[in-house]
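S.K.: Dropping a structure here in structure tokens format, bear with me for questions.
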Amino acid sequence: MESKGYKRDIIFTVITIIFMLAMGGVIILLEHFLTSSDEVRMTGGNMTPSNVEKTVMNIWYYDDNMTEYLKECAQEYGKDNMVRVKCTKVNREKFLDNINEANMSGSDKPDLYIMDSTYMEKACLAGMAMENTDNSIYNDKKFSKTAISAIKYKNKMYAYPVNFDTAVLAYNADVVSEVPTTFDDIIDYSNNMSDSINGKLDNVLMWDVKELMFSYGFIGAYMKYGGENGDDATVKDFVNEGVNSAMAYYKNLNQIFYIDPDNTDYETVLQKFSEGKIAFTIVDTEGVRRLSDMGDKVNFLTMKYPDMNEKLKTKAMAVTNVMAVNTFSDNRDEAAKLAEYITYTKAYDMYNSTGYLSGRKDIKYEDVNMDVLLAQYDASENLPKLMEAGDFGAKLENALNIIWKGGDVESNMKELVQ
């Protein structure tokens with residue numbers, strides 16, 4: 001009995017040892033699998049999936065100039081944050097309506113979307129824009145006040161400023177030795193320039209008059225709509241003494257420089273200016289970049305939009321693109337982090353990738369013309385956000401074109417409120 005029990009103990013011990021050795025081998029193999037597998041890796045003592053399904057962030061936008069920049073942001077942010085960023089270019093027509101439909105259906109809805117700031121009221125009233133509470137970054141110390149104004153609705157921030165466009169005066173430094181401070185100075189230049197300079201020029205002053213971006217400055221200081229942040233429907237003043245005086249000056253410029261809007265377009269103006277045939281022109285951010293890219297072909301500088309004269313002031317127009325976090329997103333916190341990355345952290349790459357400038361104040365540029373654009377943006381204003389404004393920009397553009405051709409100021413300005 002004792003011998004059999006002893007044998008059984010030995011056999012059991014041997015089996016136990018063999019089992020333990022076998023399990024040890026399995027553990028070693030499993031550990032090797034865990035540390036080298038493409039499916040899972042060990043990081044800081046914790047298993048972190050590398051190829052598991054990532055959070056997908058969807059960005060909707062309609063401006064093709066944003067494509068390369070968003071692609072860069074998607075790759076870099078996605079790699080560093082275990083997120084897959086999907087950028088979807090859609091049509092601008094019915095942009096917010098289509099987002100609303102996607103929200104309701106739950107199909108491929110955007111977590112973030114980029115739009116012109118004039119859409120802000122509609123987005124906010126539809127409940128599609130989450131409040132931006134990060135005032136440690138989004139304030140007028142780090143961003144232009146025009147950028148901060150663009151993302152506000154009823155004194156709260158509901159978006160993130162992406163980039164901007166505005167208008168400045170460009171002049172040919174080879175023929176203009178004294179920088180003008182007013183349009184009156186440009187008129188004086190035209191009346192007193194030498195024959196040698198006159199022989200080089202086709203036009204002293206020329207711009208694409210029919211485009212609102214370039215002509216808005218003549219009425220911007222006197223026409224009031226929407227208040228400080230463009231969201232106050234009680235502020236509406238299109239006909240006043242200032243408007244009448246400014247538009248009389250504006251009409252008179254056509255009598256002096258004879259610019260036919262029907263036969264003048266932006267491409268023609270840029271081409272003639274680059275060839276040294278125009279002394280002064282009004283250009284936007286993209287135009288400054290295109291002229292800069294020409295290198296030594298054209299020796300030009302820019303300055304802020306000049307006043308008309310000592311009494312009549314100007315205020316240029318700005319277009320600010322903003323990014324909103326969709327309130328219906330399933331990943332709102334992550335979307336807010338991505339919005340900060342796109343609009344702040346990586347904003348120093350904005351100009352090279354898009355041709356637009358970020359509203360960040362602390363980005364340094366080699367081209368001095370960029371500093372002029374930033375200063376101009378800070379002194380410019382966005383079009384109103386009010387839904388009631390509708391296609392206000394198009395209406396104002398049409399009114400200015402009619403006035404330029406000699407139309408009555410008061411009757412055309414009154415039509416803006418119809």
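In the structure tokens, each chain is lettered A, B, ... as it comes, each chain's residues begin at 1, and ligands are numbered from 1 in order of appearance.
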Residues at most 8 Å from Glu131 of chain A, counting only C-alpha atoms, excluding those fewer than 6 positions away in the same chain, as a PyMOL selection string?
M.R.: chain A and resi 156-159
S.K.: Contacts of segment 327-344 of chain A at 6 Å or less, counting only C-alpha atoms, minus same-chain residues fewer than 3 places along, as a ChimeraX atom specification?
M.R.: /A:111,128-130,162,347
S.K.: Within 12 Å of segment 138-143 of chain A, counting only C-alpha atoms, which residues qualify if same-chain residues fewer than 2 places away don't, as a ChimeraX atom specification?
M.R.: /A:132-136,145-152,156-164,339-340,343-345,347,357-363,374-375,377-378
S.K.: Tell me which protein, DNA and RNA residues are within 7 Å of segment 223-234 of chain A, counting only C-alpha atoms, leaving out same-chain ones fewer than 4 positions away, and put them as a list in words.
M.R.: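 Non-adjacent residues within range: Ser149, Ala150, Lys152, Tyr153, Lys154, Ile219, Phe238, Val243, Leu383, Pro384, Lys385 and Leu386 of chain A.
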S.K.: Taking the DSSP secondary structure from the backbone, can you list the residues of segment 163-277 of chain A that are helix (DSSP H, G or I), as an MDAnalysis selection string?
M.R.: chainID A and resid 183:192 195:198 212:218 241:257 261:263 266:274
S.K.: Those same residues - N, CA and C atoms - I'd like them written as a CSV table (one decimal), in the first residue's frame.
M.R.:
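The file below, again_29.csv, is the result:
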```
chain,number,residue,atom,x,y,z
A,183,PHE,N,-6.3,108.3,-50.8
A,183,PHE,CA,-6.5,108.2,-52.2
A,183,PHE,C,-6.3,109.6,-52.8
A,184,ASP,N,-6.5,110.6,-52.0
A,184,ASP,CA,-6.2,112.0,-52.6
A,184,ASP,C,-4.7,112.1,-53.0
A,185,ASP,N,-3.9,111.4,-52.2
A,185,ASP,CA,-2.4,111.4,-52.6
A,185,ASP,C,-2.2,110.7,-53.9
A,186,ILE,N,-3.0,109.7,-54.2
A,186,ILE,CA,-2.9,108.9,-55.5
A,186,ILE,C,-3.3,109.8,-56.6
A,187,ILE,N,-4.4,110.6,-56.4
A,187,ILE,CA,-4.9,111.6,-57.4
A,187,ILE,C,-3.8,112.6,-57.6
A,188,ASP,N,-3.2,113.1,-56.6
A,188,ASP,CA,-2.1,114.1,-56.7
A,188,ASP,C,-0.9,113.5,-57.5
A,189,TYR,N,-0.6,112.2,-57.2
A,189,TYR,CA,0.5,111.5,-58.0
A,189,TYR,C,0.1,111.5,-59.5
A,190,SER,N,-1.1,111.1,-59.8
A,190,SER,CA,-1.5,111.1,-61.2
A,190,SER,C,-1.4,112.4,-61.9
A,191,ASN,N,-1.7,113.5,-61.1
A,191,ASN,CA,-1.7,114.8,-61.7
A,191,ASN,C,-0.2,115.4,-61.9
A,192,ASN,N,0.7,114.8,-61.1
A,192,ASN,CA,2.0,115.4,-61.1
A,192,ASN,C,3.2,114.5,-61.5
A,195,ASP,N,6.9,112.7,-67.1
A,195,ASP,CA,6.5,112.1,-68.4
A,195,ASP,C,7.2,110.8,-68.6
A,196,SER,N,8.4,110.6,-68.0
A,196,SER,CA,9.1,109.3,-68.1
A,196,SER,C,8.3,108.2,-67.4
A,197,ILE,N,7.7,108.5,-66.3
A,197,ILE,CA,6.9,107.5,-65.5
A,197,ILE,C,5.6,107.3,-66.3
A,198,ASN,N,5.0,108.4,-66.7
A,198,ASN,CA,3.7,108.3,-67.4
A,198,ASN,C,3.8,107.4,-68.6
A,212,LEU,N,-16.7,92.9,-54.5
A,212,LEU,CA,-17.0,93.6,-53.2
A,212,LEU,C,-15.8,93.7,-52.3
A,213,MET,N,-14.9,92.6,-52.3
A,213,MET,CA,-13.8,92.6,-51.4
A,213,MET,C,-12.9,93.9,-51.6
A,214,PHE,N,-12.8,94.3,-52.9
A,214,PHE,CA,-11.9,95.4,-53.2
A,214,PHE,C,-12.5,96.8,-53.0
A,215,SER,N,-13.8,96.9,-53.2
A,215,SER,CA,-14.5,98.2,-53.2
A,215,SER,C,-15.2,98.5,-51.8
A,216,TYR,N,-15.4,97.4,-51.0
A,216,TYR,CA,-16.1,97.6,-49.8
A,216,TYR,C,-15.5,98.7,-48.9
A,217,GLY,N,-14.2,98.8,-48.9
A,217,GLY,CA,-13.5,99.8,-48.0
A,217,GLY,C,-14.0,101.2,-48.1
A,218,PHE,N,-14.6,101.6,-49.3
A,218,PHE,CA,-15.1,102.9,-49.5
A,218,PHE,C,-16.4,103.2,-48.7
A,241,GLU,N,-25.3,110.6,-43.8
A,241,GLU,CA,-24.4,111.6,-44.4
A,241,GLU,C,-23.1,111.1,-44.8
A,242,GLY,N,-22.6,110.2,-43.9
A,242,GLY,CA,-21.3,109.6,-44.2
A,242,GLY,C,-21.3,108.7,-45.4
A,243,VAL,N,-22.3,107.9,-45.6
A,243,VAL,CA,-22.5,107.1,-46.7
A,243,VAL,C,-22.6,107.9,-48.0
A,244,ASN,N,-23.4,109.0,-47.9
A,244,ASN,CA,-23.6,109.8,-49.1
A,244,ASN,C,-22.2,110.5,-49.5
A,245,SER,N,-21.5,111.0,-48.6
A,245,SER,CA,-20.2,111.6,-48.9
A,245,SER,C,-19.2,110.6,-49.4
A,246,ALA,N,-19.1,109.4,-48.8
A,246,ALA,CA,-18.2,108.4,-49.2
A,246,ALA,C,-18.5,107.9,-50.6
A,247,MET,N,-19.8,107.7,-50.9
A,247,MET,CA,-20.1,107.3,-52.2
A,247,MET,C,-20.0,108.3,-53.3
A,248,ALA,N,-20.1,109.6,-52.9
A,248,ALA,CA,-19.8,110.7,-53.9
A,248,ALA,C,-18.4,110.7,-54.3
A,249,TYR,N,-17.5,110.4,-53.3
A,249,TYR,CA,-16.1,110.4,-53.5
A,249,TYR,C,-15.8,109.1,-54.4
A,250,TYR,N,-16.4,108.0,-54.1
A,250,TYR,CA,-16.2,106.8,-54.9
A,250,TYR,C,-16.6,107.0,-56.3
A,251,LYS,N,-17.7,107.6,-56.6
A,251,LYS,CA,-18.2,107.8,-58.0
A,251,LYS,C,-17.2,108.7,-58.7
A,252,ASN,N,-16.6,109.7,-58.0
A,252,ASN,CA,-15.7,110.6,-58.6
A,252,ASN,C,-14.4,110.0,-59.0
A,253,LEU,N,-14.0,108.9,-58.3
A,253,LEU,CA,-12.8,108.2,-58.8
A,253,LEU,C,-13.0,107.6,-60.2
A,254,ASN,N,-14.2,107.2,-60.5
A,254,ASN,CA,-14.4,106.7,-61.9
A,254,ASN,C,-14.2,107.8,-62.9
A,255,GLN,N,-14.6,109.0,-62.5
A,255,GLN,CA,-14.4,110.1,-63.5
A,255,GLN,C,-12.9,110.4,-63.7
A,256,ILE,N,-12.1,110.1,-62.7
A,256,ILE,CA,-10.7,110.4,-62.7
A,256,ILE,C,-9.9,109.3,-63.4
A,257,PHE,N,-10.2,108.0,-63.0
A,257,PHE,CA,-9.3,106.9,-63.5
A,257,PHE,C,-10.0,106.0,-64.5
A,261,PRO,N,-15.9,98.4,-65.1
A,261,PRO,CA,-16.0,97.1,-64.4
A,261,PRO,C,-16.4,96.0,-65.3
A,262,ASP,N,-17.1,96.3,-66.4
A,262,ASP,CA,-17.5,95.3,-67.3
A,262,ASP,C,-16.4,94.7,-68.2
A,263,ASN,N,-15.3,95.5,-68.3
A,263,ASN,CA,-14.2,95.0,-69.1
A,263,ASN,C,-12.9,94.9,-68.2
A,266,TYR,N,-10.0,90.5,-62.3
A,266,TYR,CA,-8.9,90.5,-61.4
A,266,TYR,C,-7.7,89.9,-62.0
A,267,GLU,N,-7.8,88.9,-62.9
A,267,GLU,CA,-6.6,88.4,-63.6
A,267,GLU,C,-5.9,89.4,-64.5
A,268,THR,N,-6.7,90.2,-65.2
A,268,THR,CA,-6.2,91.2,-66.0
A,268,THR,C,-5.4,92.2,-65.2
A,269,VAL,N,-6.0,92.6,-64.1
A,269,VAL,CA,-5.4,93.6,-63.2
A,269,VAL,C,-4.1,93.1,-62.7
A,270,LEU,N,-4.0,91.9,-62.1
A,270,LEU,CA,-2.8,91.3,-61.6
A,270,LEU,C,-1.7,91.2,-62.7
A,271,GLN,N,-2.1,90.8,-63.9
A,271,GLN,CA,-1.2,90.7,-65.0
A,271,GLN,C,-0.6,92.0,-65.3
A,272,LYS,N,-1.4,93.0,-65.5
A,272,LYS,CA,-0.9,94.4,-65.8
A,272,LYS,C,0.0,94.9,-64.7
A,273,PHE,N,-0.4,94.7,-63.5
A,273,PHE,CA,0.4,95.2,-62.4
A,273,PHE,C,1.8,94.5,-62.4
A,274,SER,N,1.8,93.2,-62.6
A,274,SER,CA,3.0,92.5,-62.5
A,274,SER,C,3.9,92.9,-63.7
```
S.K.: Using DSSP on the backbone coordinates, identify all residues within segment 190-356 of chain A classified as strand (DSSP E or B); present the result as a PyMOL selection string.
M.R.: chain A and resi 203-205+224-226+232-237+278-284+300-303+307+317-326
S.K.: Do you have the atom CA of Val90 of chain A-atom CA of Tyr61 of chain A distance handy?
M.R.: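 Separation between atom CA of Val90 of chain A and atom CA of Tyr61 of chain A: 6.1 Å.
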S.K.: For Asp391 of chain A, list every protein, DNA or RNA residue within 10 Å, evaluated using only C-alpha atoms, and leave out those in the same chain fewer than 5 positions away; present the list as an MDAnalysis selection string.
M.R.: chainID A and resid 118 396 416
S.K.: Can you tell me which residues surround Tyr113 of chain A at a distance of at most 7 Å, considering only C-alpha atoms, apart from same-chain residues fewer than 4 positions away, and format the answer as a list in words?
M.R.: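 Surrounding residues, per the criterion: Ile59, Trp60, Tyr61, Met323, Ala324 and Val325 of chain A.
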S.K.: I need the chosen residues saved as a JSON list (two decimals), in the first residue's frame, with C-alpha atoms.
M.R.:
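Contents of part10.json, as written:
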```json
[["chain", "number", "residue", "atom", "x", "y", "z"],
["A", 59, "ILE", "CA", -14.30, 67.16, -41.36],
["A", 60, "TRP", "CA", -16.55, 68.79, -43.93],
["A", 61, "TYR", "CA", -15.35, 71.78, -45.95],
["A", 323, "MET", "CA", -14.29, 75.79, -37.81],
["A", 324, "ALA", "CA", -17.20, 74.59, -35.69],
["A", 325, "VAL", "CA", -17.54, 71.44, -33.61]]
```
S.K.: Need to verify the contact set: Ile259 of chain A, 8 Å, only C-alpha atoms, exclusion of same-chain residues closer than 4 positions in sequence. Can you return it as JSON, numbers by chain?
M.R.: {"A": [206, 207, 209, 254, 264]}
S.K.: Determine, using only C-alpha atoms, which residues of segment 344-393 of chain A have any atom at most 9 Å from an atom of segment 293-311 of chain A, and tabulate each with its shortest atom pair and distance in Å to one decimal place, rows ordered by chain and then rising number, as JSON lines.
M.R.:
```
{"residue": "A:Val368", "atom": "CA", "partner": "A:Leu301", "partner_atom": "CA", "distance": 8.4}
{"residue": "A:Asn369", "atom": "CA", "partner": "A:Thr302", "partner_atom": "CA", "distance": 5.9}
{"residue": "A:Val372", "atom": "CA", "partner": "A:Met303", "partner_atom": "CA", "distance": 6.0}
{"residue": "A:Leu373", "atom": "CA", "partner": "A:Lys304", "partner_atom": "CA", "distance": 7.5}
{"residue": "A:Ala375", "atom": "CA", "partner": "A:Lys304", "partner_atom": "CA", "distance": 7.4}
{"residue": "A:Gln376", "atom": "CA", "partner": "A:Lys304", "partner_atom": "CA", "distance": 5.4}
{"residue": "A:Ala379", "atom": "CA", "partner": "A:Lys304", "partner_atom": "CA", "distance": 8.8}
```
S.K.: Grab the atom CA of Thr55 of chain A to atom CA of Gly78 of chain A distance for me, in Å with one decimal place.
M.R.: 9.3 Å
S.K.: Go through A:Lys405, A:Lys313, A:Lys277, A:Arg289 one by one, measure the shortest atom-to-atom distance of each to Gly220 of chain A using only C-alpha atoms, and give the residue with the smallest value.
M.R.: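 So, comparing all the options, the nearest one is A:Lys313.
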